[in-house]
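Peer 1: Sending over run.txt (compact mmCIF, C-alpha atoms).
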```txt
# COMPACT_ATOMS: atom_id res chain seq x y z
CA MET A 510 147.88 164.82 32.09
CA ASN A 511 147.10 162.94 28.90
CA GLY A 512 148.27 160.24 26.58
CA GLN A 513 149.60 156.76 27.24
CA PHE A 514 151.34 155.52 30.41
CA ASP A 515 152.96 152.32 31.54
CA PHE A 516 151.48 152.62 35.03
CA LEU A 517 148.85 154.57 36.87
CA VAL A 518 150.12 154.35 40.45
CA VAL A 519 147.30 155.05 42.86
CA GLY A 520 148.19 156.35 46.33
CA ASP A 521 150.32 158.95 48.06
CA ASP A 522 151.95 156.80 50.74
CA GLU A 523 155.67 156.14 50.78
CA PRO A 524 155.58 152.75 49.00
CA SER A 525 153.46 154.21 46.17
CA LEU A 526 155.75 157.20 45.74
CA ALA A 527 158.90 155.07 45.82
CA ALA A 528 157.51 152.63 43.25
CA ALA A 529 156.43 155.46 40.95
CA ALA A 530 159.81 157.21 41.17
CA ALA A 531 161.80 153.99 40.69
CA ALA A 532 159.79 153.02 37.61
CA ALA A 533 160.13 156.50 36.12
CA LYS A 534 163.88 156.45 36.65
CA ALA A 535 163.96 153.09 34.86
CA GLY A 536 162.35 154.68 31.79
CA ALA A 537 158.66 153.97 32.33
CA ARG A 538 156.05 156.67 31.83
CA ILE A 539 154.21 157.01 35.13
CA ALA A 540 150.98 158.74 36.16
CA LEU A 541 150.40 159.14 39.88
CA LEU A 542 146.90 159.56 41.31
CA PHE A 543 146.61 161.39 44.63
CA SER A 544 143.47 161.71 46.68
CA ALA A 545 141.82 165.11 46.38
CA GLU A 546 141.53 165.22 50.20
CA ARG A 547 145.22 165.12 51.08
CA LYS A 548 146.13 166.84 54.34
CA LYS A 549 149.42 167.89 55.87
CA ARG A 550 149.91 165.71 58.91
CA ALA A 551 152.72 164.74 61.21
CA ALA A 552 154.58 161.83 59.67
CA ALA A 553 154.26 158.35 61.12
CA ALA A 554 157.09 155.82 61.01
CA SER A 555 157.45 154.25 57.59
CA PRO A 556 158.91 150.98 56.31
CA ALA A 557 162.68 151.00 56.06
CA ILE A 558 164.35 151.77 52.74
CA ALA A 559 166.66 149.05 51.47
CA ASN A 560 170.06 150.15 50.18
CA PHE A 561 169.19 149.33 46.57
CA VAL A 562 166.15 151.63 46.74
CA TRP A 563 168.16 154.41 48.36
CA ARG A 564 170.76 154.25 45.57
CA ARG A 565 168.13 153.87 42.86
CA LEU A 566 166.36 157.04 43.97
CA ASP A 567 169.57 158.95 44.81
CA LEU A 568 168.14 159.87 48.19
CA GLN A 569 171.56 161.04 49.35
CA ASP A 570 170.95 164.13 47.19
CA TYR A 571 167.89 165.23 49.17
CA ASP A 572 169.29 165.94 52.65
CA LEU A 573 167.31 163.06 54.09
CA THR A 574 168.37 161.37 57.31
CA LEU A 575 166.35 158.44 58.63
CA GLU A 576 166.61 156.90 62.07
CA PRO A 577 165.23 153.50 63.06
CA VAL A 578 162.51 153.41 65.69
CA SER A 579 164.12 152.77 69.05
CA ALA A 580 162.19 149.63 70.00
CA ARG A 581 159.11 147.53 69.51
CA ILE A 582 157.25 147.47 72.80
CA THR A 583 154.11 145.59 73.81
CA LEU A 584 152.02 146.81 76.74
CA LEU A 585 150.18 143.78 78.07
CA LYS A 586 147.37 143.93 80.61
CA GLU A 587 149.46 142.50 83.42
CA GLY A 588 153.17 142.55 84.15
CA ALA A 589 156.04 144.52 82.70
CA PRO A 590 156.17 145.55 79.03
CA VAL A 591 158.00 143.30 76.55
CA ALA A 592 160.51 144.97 74.21
CA THR A 593 162.65 143.87 71.29
CA TYR A 594 165.28 145.87 69.43
CA ALA A 595 166.98 146.05 66.05
CA SER A 596 170.10 144.62 67.68
CA ALA A 597 169.82 140.89 68.36
CA ARG A 598 172.27 141.22 71.24
CA GLU A 599 170.33 144.05 72.85
CA THR A 600 167.13 142.02 72.56
CA SER A 601 168.73 138.93 74.09
CA ASP A 602 170.07 141.00 76.98
CA ALA A 603 166.69 142.67 77.55
CA LEU A 604 164.89 139.32 77.54
CA ALA A 605 167.42 137.91 79.99
CA GLN A 606 167.02 140.91 82.29
CA SER A 607 163.23 140.46 82.23
CA GLY A 608 163.62 136.83 83.28
CA SER A 609 162.45 135.32 79.99
CA PRO A 610 163.59 131.70 79.66
CA ASP A 611 163.91 132.16 75.89
CA HIS A 612 166.63 134.82 75.70
CA LEU A 613 169.20 132.29 74.46
CA LEU A 614 166.93 131.33 71.54
CA TRP A 615 166.49 134.80 70.06
CA ARG A 616 169.41 134.73 67.61
CA ASP A 617 168.52 131.21 66.46
CA PHE A 618 164.94 132.33 65.88
CA LEU A 619 166.01 135.27 63.71
CA ASP A 620 168.42 133.10 61.71
CA GLU A 621 165.83 130.45 61.01
CA MET A 622 163.15 132.97 60.08
CA THR A 623 165.58 134.42 57.54
CA ALA A 624 166.34 130.96 56.16
CA LEU A 625 162.67 129.97 55.98
CA ALA A 626 161.42 133.17 54.38
CA PRO A 627 160.13 132.30 50.91
CA PRO A 628 160.57 134.56 47.89
CA PRO A 629 157.86 137.24 48.05
CA PRO A 630 154.76 136.61 45.89
CA TYR A 631 155.69 139.18 43.27
CA ALA A 632 154.35 137.36 40.19
CA PRO A 633 151.81 139.72 38.59
CA ALA A 634 150.42 137.24 36.05
CA GLY A 635 146.66 137.29 36.17
CA TYR A 636 146.78 140.36 38.43
CA ALA A 637 145.33 138.81 41.54
CA ASN A 638 146.61 135.41 42.43
CA SER A 639 144.83 133.90 39.45
CA CYS A 640 147.90 132.53 37.67
CA PRO A 641 147.65 128.77 37.09
CA PRO A 642 149.51 126.53 39.55
CA ASN A 643 152.92 125.28 38.52
CA ILE A 644 152.22 121.56 38.34
CA LYS A 645 155.87 120.57 37.96
CA ALA A 646 156.91 122.63 40.98
CA PHE A 647 154.06 121.16 43.01
CA ALA A 648 155.04 117.61 42.05
CA ALA A 649 158.67 118.32 42.97
CA LEU A 650 157.52 119.63 46.33
CA LEU A 651 155.55 116.46 47.07
CA SER A 652 158.53 114.27 46.17
CA ASP A 653 160.90 116.02 48.60
CA PRO A 654 159.98 115.52 52.28
CA ALA A 655 162.36 118.29 53.43
CA LYS A 656 160.80 120.83 51.05
CA LEU A 657 157.34 119.68 52.01
CA GLU A 658 158.07 120.16 55.71
CA ARG A 659 159.47 123.62 55.03
CA ALA A 660 156.40 124.57 53.00
CA ALA A 661 154.16 123.36 55.82
CA ARG A 662 155.92 125.74 58.20
CA VAL A 663 155.91 128.64 55.76
CA PHE A 664 152.20 128.33 55.03
CA GLY A 665 151.24 127.34 58.56
CA THR A 666 150.07 129.50 61.43
CA SER A 667 152.06 132.03 63.41
CA SER A 668 150.78 130.45 66.62
CA ASP A 669 152.23 127.05 65.74
CA LEU A 670 155.54 128.47 64.58
CA LEU A 671 156.05 130.52 67.73
CA GLY A 672 155.05 127.54 69.84
CA ASP A 673 157.91 125.58 68.27
CA TYR A 674 160.42 128.14 69.54
CA PHE A 675 159.36 129.89 72.69
CA ALA A 676 157.92 128.85 76.02
CA ASP A 677 157.50 132.44 77.19
CA GLU A 678 153.84 133.28 76.56
CA ARG A 679 154.51 137.01 76.94
CA LEU A 680 157.20 136.92 74.26
CA ARG A 681 154.85 135.01 71.95
CA ALA A 682 152.16 137.63 72.54
CA HIS A 683 154.64 140.42 71.82
CA LEU A 684 155.81 138.90 68.54
CA SER A 685 152.24 138.13 67.47
CA ALA A 686 151.17 141.71 68.08
CA HIS A 687 153.98 143.38 66.17
CA ALA A 688 154.18 140.89 63.29
CA LEU A 689 150.46 140.38 62.67
CA ALA A 690 148.55 143.46 63.84
CA PRO A 691 149.76 145.89 61.12
CA GLY A 692 148.22 143.61 58.47
CA GLY A 693 145.16 142.61 60.48
CA TRP A 694 146.04 138.89 60.48
CA GLY A 695 144.99 136.24 62.99
CA ASP A 696 147.67 134.17 64.68
CA LYS A 697 145.75 130.94 63.98
CA GLU A 698 145.17 131.88 60.35
CA ALA A 699 146.81 129.68 57.72
CA GLY A 700 149.73 131.50 56.15
CA SER A 701 150.24 133.90 59.04
CA ALA A 702 153.66 132.34 59.66
CA ARG A 703 154.92 134.22 56.60
CA ALA A 704 154.37 137.51 58.43
CA LEU A 705 156.71 136.37 61.19
CA MET A 706 159.40 135.50 58.67
CA GLU A 707 159.17 138.86 56.97
CA PHE A 708 158.96 140.62 60.33
CA ALA A 709 162.46 139.29 61.13
CA ASP A 710 163.90 140.94 58.00
CA PRO A 711 166.07 143.99 58.88
CA ASP A 712 164.24 145.97 56.15
CA ALA A 713 161.03 145.48 58.12
CA TRP A 714 162.32 147.69 60.95
CA ARG A 715 160.53 151.01 60.64
CA VAL A 716 162.21 154.41 60.37
CA ARG A 717 161.51 158.12 60.81
CA ALA A 718 163.11 161.30 59.54
CA SER A 719 165.45 162.52 62.26
CA GLY A 720 165.06 165.76 64.15
CA ARG A 721 163.86 168.62 61.99
CA ASP A 722 164.70 166.88 58.72
CA VAL A 723 162.20 166.91 55.90
CA ALA A 724 159.65 164.10 56.00
CA LEU A 725 160.28 161.04 53.85
CA ARG A 726 156.98 161.45 52.00
CA ALA A 727 157.88 165.01 50.97
CA VAL A 728 161.28 163.84 49.72
CA LEU A 729 159.72 161.03 47.69
CA GLU A 730 157.25 163.47 46.16
CA GLN A 731 160.18 165.60 45.05
CA VAL A 732 161.96 162.55 43.65
CA CYS A 733 158.84 161.72 41.64
CA GLN A 734 158.70 165.26 40.29
CA ASP A 735 162.38 165.18 39.36
CA ALA A 736 161.95 161.80 37.65
CA GLY A 737 159.15 163.10 35.42
CA VAL A 738 156.19 161.42 37.12
CA GLU A 739 152.93 163.15 36.16
CA THR A 740 150.50 163.63 39.04
CA THR A 741 146.77 164.30 39.20
CA HIS A 742 144.11 164.86 41.84
CA LYS A 743 141.25 164.28 39.42
CA LYS A 744 138.58 161.75 40.25
CA PRO A 745 138.53 158.63 38.07
CA VAL A 746 135.02 157.54 37.08
CA GLU A 747 135.68 154.47 34.93
CA ALA A 748 138.47 152.14 33.81
CA LEU A 749 137.80 149.65 31.01
CA VAL A 750 140.21 147.20 29.41
CA ASN A 751 140.69 147.26 25.66
CA GLY A 752 143.47 144.99 24.47
CA LYS A 753 146.69 145.56 26.36
CA PHE A 754 145.54 148.82 27.92
CA ALA A 755 143.09 150.10 30.47
CA HIS A 756 141.30 153.25 29.39
CA VAL A 757 140.80 155.45 32.46
CA ALA A 758 138.24 158.27 32.30
CA PHE A 759 138.18 161.16 34.80
CA ASP A 760 135.33 163.38 35.93
CA ASP A 761 136.42 166.22 33.62
CA ASP A 762 136.13 163.91 30.56
CA GLU A 763 139.90 163.57 30.30
CA LYS A 764 141.06 160.03 29.40
CA ILE A 765 144.38 158.23 29.55
CA LYS A 766 145.61 154.79 28.50
CA VAL A 767 147.64 152.72 30.98
CA ARG A 768 149.14 149.26 30.82
CA HIS A 769 148.65 148.64 34.52
CA LEU A 770 146.92 150.14 37.55
CA PHE A 771 149.29 149.72 40.47
CA PHE A 772 148.44 149.84 44.19
CA ALA A 773 151.52 149.59 46.41
CA THR A 774 149.52 148.96 49.60
CA PRO A 775 146.17 147.30 50.33
CA SER A 776 145.09 150.46 52.17
CA ALA A 777 145.50 152.54 49.01
CA ALA A 778 143.54 149.94 47.05
CA GLN A 779 140.76 149.67 49.59
CA GLN A 780 140.08 153.39 49.52
CA TRP A 781 139.10 152.93 45.87
CA GLY A 782 137.05 149.79 46.44
CA VAL A 783 139.76 147.47 45.12
CA GLY A 784 140.82 144.29 46.90
CA SER A 785 143.88 142.10 46.48
CA GLY A 786 141.98 138.87 46.00
CA SER A 787 140.18 139.43 42.72
CA GLY A 788 140.91 142.92 41.55
CA ASN A 789 137.77 144.18 43.29
CA ALA A 790 136.62 144.45 46.89
CA ARG A 791 134.72 141.43 48.15
CA GLY A 792 131.13 142.46 47.57
CA ALA A 793 129.92 146.02 47.25
CA LEU A 794 130.99 146.88 50.78
CA GLY A 795 133.95 144.56 51.23
CA GLN A 796 132.04 142.10 53.39
CA GLY A 797 134.26 139.70 55.28
CA ALA A 798 137.30 141.98 54.90
CA HIS A 799 138.98 144.26 57.41
CA ALA A 800 139.69 147.98 57.46
CA GLU A 801 142.33 150.16 59.07
CA PHE A 802 141.19 152.98 61.32
CA THR A 803 143.59 155.65 62.56
CA VAL A 804 143.13 158.34 65.19
CA ARG A 805 145.56 161.24 65.49
CA PHE A 806 145.41 162.66 69.00
CA LYS A 807 146.75 166.19 69.33
CA LEU A 808 147.96 166.45 72.93
CA SER A 809 148.64 169.22 75.38
CA ASP A 810 152.11 169.50 76.87
CA GLY A 811 153.29 166.94 79.36
CA ALA A 812 152.33 163.69 77.64
CA GLU A 813 154.81 161.06 78.80
CA PRO A 814 155.33 157.97 76.63
CA PRO A 815 155.45 154.53 78.25
CA LEU A 816 158.92 153.68 79.57
CA GLY A 817 159.87 157.27 78.70
CA ASP A 818 160.65 156.16 75.12
CA PRO A 819 159.13 158.52 72.52
CA GLY A 820 160.93 156.74 69.67
CA ALA A 821 159.29 153.33 70.04
CA ILE A 822 156.41 151.62 68.26
CA PHE A 823 153.91 150.38 70.85
CA GLN A 824 151.31 147.63 70.72
CA ILE A 825 148.45 147.18 73.18
CA ILE A 826 146.94 143.73 73.71
CA ASP A 827 145.63 142.09 76.85
CA ASP A 828 147.01 138.68 75.84
CA LYS A 829 147.73 136.70 72.69
CA SER A 830 144.14 135.54 72.31
CA ASP A 831 143.17 139.13 71.40
CA ILE A 832 144.83 138.73 68.00
CA GLN A 833 142.61 135.99 66.59
CA ALA A 834 139.52 137.29 68.41
CA ALA A 835 139.93 140.70 66.78
CA ARG A 836 140.50 139.15 63.36
CA ASP A 837 137.34 137.04 63.74
CA ALA A 838 135.30 140.08 64.81
CA ALA A 839 136.48 142.10 61.80
CA ILE A 840 135.55 139.50 59.20
CA GLN A 841 132.21 138.93 60.95
CA GLY A 842 131.39 142.62 60.64
CA ARG A 843 131.53 143.76 64.26
CA LEU A 844 133.72 145.80 66.61
CA CYS A 845 136.02 144.16 69.12
CA ASP A 846 136.27 145.68 72.60
CA ARG A 847 139.66 144.07 73.34
CA LEU A 848 141.10 145.67 70.26
CA PRO A 849 144.83 145.35 69.47
CA VAL A 850 146.06 148.91 68.99
CA GLU A 851 149.37 150.20 67.68
CA PHE A 852 150.54 153.71 68.51
CA GLU A 853 153.53 156.02 68.33
CA PHE A 854 154.52 159.55 69.34
CA SER A 855 155.06 161.73 66.28
CA GLY A 856 157.42 164.23 67.88
CA LYS A 857 155.03 167.08 67.05
CA GLY A 858 152.65 166.76 69.95
CA GLU A 859 150.64 163.93 68.43
CA VAL A 860 149.96 160.32 69.22
CA ILE A 861 149.11 158.35 66.11
CA ALA A 862 147.06 155.28 67.03
CA ARG A 863 145.74 152.70 64.59
CA SER A 864 144.29 149.24 64.26
CA ALA A 865 143.71 147.06 61.21
CA TYR A 866 141.15 144.92 63.06
CA PHE A 867 138.08 146.91 62.14
CA PRO A 868 135.42 145.52 59.80
CA ALA A 869 135.31 146.85 56.26
CA ALA A 870 131.52 146.69 56.61
CA PHE A 871 129.15 145.92 59.49
CA TYR A 872 126.77 142.98 59.67
CA GLU A 873 123.52 143.84 61.43
CA ASP A 874 120.08 142.23 61.29
CA GLY A 875 121.16 139.86 58.56
CA GLU A 876 122.49 142.58 56.26
CA TRP A 877 125.76 144.30 55.50
CA ARG A 878 126.06 148.07 55.76
CA GLY A 879 128.79 150.65 55.39
CA TRP A 880 130.43 152.82 58.03
CA THR A 881 128.49 155.69 59.61
CA GLY A 882 129.53 158.68 61.67
CA GLN A 883 128.44 156.83 64.80
CA ASP A 884 130.71 153.92 63.86
CA ARG A 885 133.63 156.30 63.58
CA GLN A 886 132.86 157.73 67.01
CA ALA A 887 132.62 154.24 68.50
CA ALA A 888 135.90 153.17 66.89
CA ALA A 889 137.70 156.30 68.12
CA SER A 890 136.29 155.76 71.60
CA ILE A 891 137.58 152.18 71.73
CA ILE A 892 141.06 153.29 70.68
CA LYS A 893 141.05 156.13 73.23
CA GLU A 894 140.01 153.72 75.98
CA ARG A 895 142.73 151.26 75.03
CA LEU A 896 145.41 153.97 75.23
CA SER A 897 143.98 155.27 78.50
CA SER A 898 144.21 151.75 79.96
CA ARG A 899 147.99 151.85 79.52
CA MET A 900 148.62 155.57 80.07
CA PRO A 901 146.55 156.85 83.02
CA GLY A 902 145.39 160.40 82.46
CA PHE A 903 145.84 160.18 78.69
CA ALA A 904 142.24 161.24 77.93
CA SER A 905 142.66 164.49 79.85
CA LEU A 906 145.60 165.48 77.61
CA ILE A 907 143.67 165.25 74.34
CA ARG A 908 143.10 168.64 72.70
CA ARG A 909 141.80 167.38 69.38
CA ALA A 910 141.34 164.09 67.53
CA GLU A 911 141.20 163.41 63.79
CA THR A 912 140.15 160.08 62.31
CA GLU A 913 141.13 158.32 59.08
CA LEU A 914 139.38 155.27 57.68
CA SER A 915 140.71 152.91 55.05
CA ALA A 916 137.60 151.01 53.95
CA PRO A 917 135.73 150.44 50.67
CA PRO A 918 133.72 153.55 49.71
CA ALA A 919 129.99 153.48 49.19
CA GLY A 920 128.94 152.75 45.62
CA ALA A 921 130.72 151.00 42.79
CA SER A 922 134.47 151.32 42.36
CA PRO A 923 135.60 153.15 39.18
CA PHE A 924 137.99 150.21 38.72
CA ALA A 925 135.36 147.49 39.16
CA GLU A 926 135.47 146.43 35.51
CA CYS A 927 139.21 146.76 35.06
CA GLY A 928 141.25 143.57 35.04
CA ARG A 929 144.68 145.16 34.69
CA VAL A 930 145.01 145.88 38.39
CA ILE A 931 147.97 144.93 40.58
CA VAL A 932 147.62 145.15 44.37
CA GLN A 933 150.56 144.46 46.65
CA PRO A 934 149.39 142.73 49.85
CA HIS A 935 150.44 144.09 53.21
CA ARG A 936 154.22 143.93 53.56
CA HIS A 937 156.40 144.88 56.50
CA ASN A 938 159.07 146.02 54.01
CA ALA A 939 156.50 147.65 51.72
CA ILE A 940 158.81 150.23 50.12
CA SER A 941 161.46 147.83 48.83
CA ALA A 942 158.79 145.24 47.99
CA ALA A 943 156.83 147.76 45.90
CA VAL A 944 159.94 148.71 43.92
CA ARG A 945 160.75 145.05 43.26
CA LEU A 946 157.17 144.37 42.23
CA ILE A 947 156.94 147.23 39.74
CA ASP A 948 160.34 146.22 38.34
CA GLN A 949 159.11 142.69 37.75
CA VAL A 950 155.98 143.91 36.01
CA MET A 951 158.07 146.12 33.73
CA ALA A 952 160.36 143.18 32.94
CA GLY A 953 157.32 141.11 31.98
CA ASP A 954 156.18 143.82 29.58
CA ASP A 955 159.42 143.66 27.57
```
Could I get this file's structure written as structure tokens?

Peer 2:
Amino acid sequence: MNGQFDFLVVGDDEPSLAAAAAAAKAGARIALLFSAERKKRAAAASPAIANFVWRRLDLQDYDLTLEPVSARITLLKEGAPVATYASARETSDALAQSGSPDHLLWRDFLDEMTALAPPPPYAPAGYANSCPPNIKAFAALLSDPAKLERAARVFGTSSDLLGDYFADERLRAHLSAHALAPGGWGDKEAGSARALMEFADPDAWRVRASGRDVALRAVLEQVCQDAGVETTHKKPVEALVNGKFAHVAFDDDEKIKVRHLFFATPSAAQQWGVGSGSGNARGALGQGAHAEFTVRFKLSDGAEPPLGDPGAIFQIIDDKSDIQAARDAAIQGRLCDRLPVEFEFSGKGEVIARSAYFPAAFYEDGEWRGWTGQDRQAAASIIKERLSSRMPGFASLIRRAETELSAPPAGASPFAECGRVIVQPHRHNAISAAVRLIDQVMAGDD
């Protein structure tokens, strides 16, 4: 790989691959950087693929069949599980059957979330929310009470927004867990209402390859190859801006020029010490940020999923207060015992469990420090205990466990001095959002 590129897309997850392929098909020259430590693993559910992305990538030519996850289910500490479905009618009926007083409000809630949802923050100018405020737009907002009220709801808290709709505390806990936990947000955090609005989007419903079909990631890798994307596993050591380009040097002395470094997910960025707030992680260790920790449990035969539904996405919380408590613990640099945990059954004898409420760095004795092997063991133990609390006998079925950590690495990031970095924040519809984002950046380059 050599020469000049429009984008260096960093990451091998589905949003990164889709963005790289879409840009290449649109005529951009794309370099794609994979981690050198990639492993073949059972595929987890991915964000849905909007129709425009499917057509853009010609996925119908790759024998790919995707099925939506069967349900979103929350396993609370007490009482029956709470479930919602892709079908509004099925959800209303399920809520009514469970005795929820809010079943008649479900359709209205979805409709209003769709109406309230603001345009996604795609603008890449300044590369990290540093573009100057639009004074005219702000003045217009202040002069229109209806727009001002809408903005207050959009940029308010998830807790307040749900409180305006539902009296059922269990339903509010369920929605908080599934809308906020994947991004590690707190329900009393300003701006968390936006996650609820996006969560109601049909493209936010996750999908899996059906049966024995090829995994989505493998298909997207093939699409990238067919579209002329150039890939590398080399380790970048430095990226410096010179004019309109970033000059990226690798550990074998190879160098390329790129207009933009593009991270389609915050997890991909964090693994390289890059944050979405300023182009770099906050501090050398990402102090005050959160990390995602995943455990893949390989199980012996006989593991029975809750409610007998192997196609669902599950969330574990004791009650709604766990959400903000876990967020606070993460930014304070400590572990949370009542950890919100998401998990799913892969269909290949694995349970994939994860939480985004882990600290990016730990705060002990007045100092910040990075993750250690003991921290990984403690994190895995908490996740195992949380699953065991909802599935008695789960621990006895574990044959092997593998852990994955998305946190800033030790030492300086090779991209620390590079200002031409674009990081997409966590999105429920990350695949379609990444394609739209890279399209907008290309349009701005014209």

Peer 1: Using all atoms listed in the file, what does the table of stretch 739-825 of chain A residues within 12 Å of stretch 703-720 of chain A look like, with each row giving the shortest atom pair and its distance in Å to one decimal, sorted by chain and ascending number, as a Markdown table?

Peer 2:
```
| residue | atom | partner | partner_atom | distance |
| --- | --- | --- | --- | --- |
| A:Pro819 | CA | A:Arg717 | CA | 12.0 |
| A:Gly820 | CA | A:Arg717 | CA | 9.0 |
| A:Ala821 | CA | A:Arg715 | CA | 9.8 |
| A:Ile822 | CA | A:Arg715 | CA | 8.7 |
```

Peer 1: Using only C-alpha atoms, find each residue of stretch 677-791 of chain A with at least one atom at most 9 Å away from an atom of stretch 862-874 of chain A; report its shortest atom-to-atom pair and that distance in Å (one decimal), sort the rows by chain and rising residue number, and return the result as JSON lines.

Peer 2:
```
{"residue": "A:Ala690", "atom": "CA", "partner": "A:Ala865", "partner_atom": "CA", "distance": 6.6}
{"residue": "A:Pro691", "atom": "CA", "partner": "A:Ala865", "partner_atom": "CA", "distance": 6.2}
{"residue": "A:Gly692", "atom": "CA", "partner": "A:Ala865", "partner_atom": "CA", "distance": 6.3}
{"residue": "A:Gly693", "atom": "CA", "partner": "A:Ala865", "partner_atom": "CA", "distance": 4.7}
{"residue": "A:Trp694", "atom": "CA", "partner": "A:Tyr866", "partner_atom": "CA", "distance": 8.2}
```

Peer 1: Per residue of stretch 548-588 of chain A within 10 Å of stretch 677-686 of chain A, what are the shortest atom pair and its distance in Å to one decimal, counting all atoms listed in the file, with rows by chain and residue number, as a Markdown table?

Peer 2:
```
| residue | atom | partner | partner_atom | distance |
| --- | --- | --- | --- | --- |
| A:Arg581 | CA | A:His683 | CA | 8.7 |
| A:Ile582 | CA | A:His683 | CA | 7.6 |
| A:Thr583 | CA | A:His683 | CA | 5.6 |
| A:Leu584 | CA | A:His683 | CA | 8.5 |
| A:Leu585 | CA | A:Arg679 | CA | 8.1 |
| A:Glu587 | CA | A:Arg679 | CA | 9.9 |
| A:Gly588 | CA | A:Arg679 | CA | 9.2 |
```

Peer 1: Got time to write the residues from that selection, C-alpha atoms, as a PDB file, in the frame of the given file?

Peer 2:
```
ATOM      1  CA  ARG A 581     159.110 147.530  69.510  1.00  0.00           C
ATOM      2  CA  ILE A 582     157.250 147.470  72.800  1.00  0.00           C
ATOM      3  CA  THR A 583     154.110 145.590  73.810  1.00  0.00           C
ATOM      4  CA  LEU A 584     152.020 146.810  76.740  1.00  0.00           C
ATOM      5  CA  LEU A 585     150.180 143.780  78.070  1.00  0.00           C
ATOM      6  CA  GLU A 587     149.460 142.500  83.420  1.00  0.00           C
ATOM      7  CA  GLY A 588     153.170 142.550  84.150  1.00  0.00           C
TER       8      GLY A 588
END
```

Peer 1: Ranking A:Phe806, A:Phe903, A:Phe854, A:Trp880 by minimum distance to A:Val578 and counting all atoms listed in the file, which one comes first?

Peer 2: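 Closest to A:Val578 of all the choices is A:Phe854.
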
Peer 1: Between atom CA of A:Ser667 and atom CA of A:Ser701, what is the spacing in Å?

Peer 2: 5.1 Å

Peer 1: In terms of the shortest atom-to-atom distance over all atoms listed in the file, which of A:Tyr674, A:Ala557, A:Arg885, A:His687 is closest to A:Thr574?

Peer 2: A:Ala557

Peer 1: Taking into account all atoms listed in the file, which residue in the set A:Gly882, A:Gly665, A:Gly811, A:Gly672 is nearest to A:Ala699?

Peer 2: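 Checking each candidate against A:Ala699, we get A:Gly665 as the closest.
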